[in-house]
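A quick write-up on the structure given underneath.
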Amino acid sequence: MNPILSIVIIILIIAGLLSVIISTYNKIVMLKFNVEKAFANIDVLLKQRADEIPNLIKVVKEYMNYEENVLEKLTQLRTKFLNSNDTNEKIELSNEMNKSMKTIFAVSENYPDLKASQNFSSLQTRVSELENAIADRREFFNESVNMYNIGITEFPNVILAKILGYKEKLLLQISEQEKKYDGIQF
């Protein structure tokens, strides 16, 4: 075989491999940034919801003396959420805050004076609006996370993803309680 032809074939093979590696890297990076963008969009709403928690707790505390542990847990979750910089931790905390807030709204059924309170009704409406907006963005976020998780586990992407330390991301989940929840009935 001609030495020049051998060198050309080796160069073409190396160029092909580099092309595959570069293409794979760019795909993984695009998926990662798409997830980060989707979370940034939803994070704004999650922070707004977290900002409503002190107001909700203040109003509810006036009526619920013995439900103190639910309110304390919600306060702790909010503080952790606002102090966290880790996307997966924020997602876990958001899922937990969602469960606690549903508990508060469900427990409010036992307090007729609370249900009649204008402050509570206003907060409930505000939180419901935020929950609806979060639900809209959650769908896009979860789709982005799903595409990312698939992208980093497909072959040959998985090889480069492992080398670069990419790990699967968590989805924003809908709790069983949220699936069954029909809103607060007055």
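Just so we're on the same page: first chain in the structure tokens is A, next is B, and so on; residues restart at 1 for each chain, and ligands are numbered from 1 in the order they show up.
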
Which residues of range 79-145 of chain A come within 12 Å of range 150-154 of chain A, and what is each one's closest atom pair and distance in Å (one decimal), counting only C-alpha atoms, sorted by chain and residue number, as JSON lines?
```
{"residue": "A:Glu143", "atom": "CA", "partner": "A:Ile150", "partner_atom": "CA", "distance": 10.5}
{"residue": "A:Ser144", "atom": "CA", "partner": "A:Ile150", "partner_atom": "CA", "distance": 9.9}
{"residue": "A:Val145", "atom": "CA", "partner": "A:Ile150", "partner_atom": "CA", "distance": 8.5}
```

Subject >> Shell of 9 Å around range 171-173 of chain A, only C-alpha atoms, local chain residues under 5 positions omitted, as a VMD selection string >> reply: chain A and resid 88 91 to 92 94 to 95 138 to 139 141 to 143 145 to 146

Which polymer residues have any atom within 9 Å of an atom of Lys167 in chain A, counting only C-alpha atoms, with same-chain residues fewer than 4 positions away left out, as a PDB file with N, CA and C atoms, in the first residue's frame?
```pdb
ATOM      1  N   ASN A 149     -31.259  13.993  29.916  1.00  0.00           N
ATOM      2  CA  ASN A 149     -30.961  12.676  30.481  1.00  0.00           C
ATOM      3  C   ASN A 149     -30.808  11.620  29.388  1.00  0.00           C
ATOM      4  N   ILE A 152     -27.370  12.281  27.528  1.00  0.00           N
ATOM      5  CA  ILE A 152     -26.120  11.876  28.185  1.00  0.00           C
ATOM      6  C   ILE A 152     -26.037  10.378  28.429  1.00  0.00           C
ATOM      7  N   ALA A 161     -19.955  12.042  28.136  1.00  0.00           N
ATOM      8  CA  ALA A 161     -20.666  12.596  29.293  1.00  0.00           C
ATOM      9  C   ALA A 161     -20.043  12.114  30.598  1.00  0.00           C
ATOM     10  N   LYS A 162     -19.677  10.841  30.653  1.00  0.00           N
ATOM     11  CA  LYS A 162     -19.031  10.316  31.864  1.00  0.00           C
ATOM     12  C   LYS A 162     -17.660  10.942  32.072  1.00  0.00           C
TER      13      LYS A 162
END
```

Subject >> All residues 9 Å or closer to range 22-30 of chain A, only C-alpha atoms, same chain fewer than 4 positions away omitted, as a list in words >> reply: Leu17, Leu18, Asn34, Val35, Tyr148, Gly151, Ile152, Pro156, Asn157, Leu160, Ala161 and Tyr166 of chain A

Mind writing the picked residues with N, CA and C atoms as a JSON list (two decimals), in the first residue's frame?
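To be explicit, this is the file written out as out-v3.json:
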```
[["chain", "number", "residue", "atom", "x", "y", "z"],
["A", 17, "LEU", "N", -13.21, 10.85, 13.65],
["A", 17, "LEU", "CA", -13.37, 10.69, 15.10],
["A", 17, "LEU", "C", -13.48, 12.04, 15.81],
["A", 18, "LEU", "N", -12.63, 12.98, 15.42],
["A", 18, "LEU", "CA", -12.70, 14.32, 16.02],
["A", 18, "LEU", "C", -14.06, 14.97, 15.73],
["A", 34, "ASN", "N", -29.87, 24.06, 27.77],
["A", 34, "ASN", "CA", -31.32, 24.09, 27.61],
["A", 34, "ASN", "C", -32.01, 23.80, 28.94],
["A", 35, "VAL", "N", -31.49, 22.82, 29.69],
["A", 35, "VAL", "CA", -32.04, 22.51, 31.02],
["A", 35, "VAL", "C", -31.85, 23.70, 31.96],
["A", 148, "TYR", "N", -32.15, 15.96, 28.03],
["A", 148, "TYR", "CA", -30.77, 15.97, 28.56],
["A", 148, "TYR", "C", -30.39, 14.58, 29.08],
["A", 151, "GLY", "N", -29.93, 12.32, 26.29],
["A", 151, "GLY", "CA", -28.73, 12.70, 25.56],
["A", 151, "GLY", "C", -27.44, 12.24, 26.20],
["A", 152, "ILE", "N", -27.37, 12.28, 27.53],
["A", 152, "ILE", "CA", -26.12, 11.88, 28.19],
["A", 152, "ILE", "C", -26.04, 10.38, 28.43],
["A", 156, "PRO", "N", -22.93, 7.26, 21.39],
["A", 156, "PRO", "CA", -21.65, 7.32, 22.10],
["A", 156, "PRO", "C", -21.57, 8.47, 23.11],
["A", 157, "ASN", "N", -22.65, 9.24, 23.23],
["A", 157, "ASN", "CA", -22.64, 10.40, 24.14],
["A", 157, "ASN", "C", -22.27, 10.02, 25.56],
["A", 160, "LEU", "N", -18.48, 10.33, 26.48],
["A", 160, "LEU", "CA", -18.00, 11.70, 26.70],
["A", 160, "LEU", "C", -18.67, 12.32, 27.93],
["A", 161, "ALA", "N", -19.95, 12.04, 28.14],
["A", 161, "ALA", "CA", -20.67, 12.60, 29.29],
["A", 161, "ALA", "C", -20.04, 12.11, 30.60],
["A", 166, "TYR", "N", -20.91, 14.66, 33.56],
["A", 166, "TYR", "CA", -22.33, 15.00, 33.47],
["A", 166, "TYR", "C", -23.15, 13.94, 34.19]]
```

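Closest to Phe105 in chain A among A:Thr75, A:Gln118, A:Ser128, A:Asn85 is A:Ser128, based on only C-alpha atoms.
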
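Distances here use only C-alpha atoms; by that measure, the residue among A:Thr87, A:Gln76, A:Ser19, A:Asn98 closest to Ala38 in chain A is A:Thr87.
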
**OP:** Calculate how many Å separate CA of Lys90 in chain A from CA of Glu131 in chain A, rounding to one decimal.
**Re:** 16.0 Å

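Compared by their closest atoms to Ala133 in chain A, and using only C-alpha atoms, the residues A:Val60, A:Leu46, A:Leu82, A:Leu77 rank with A:Leu46 nearest.
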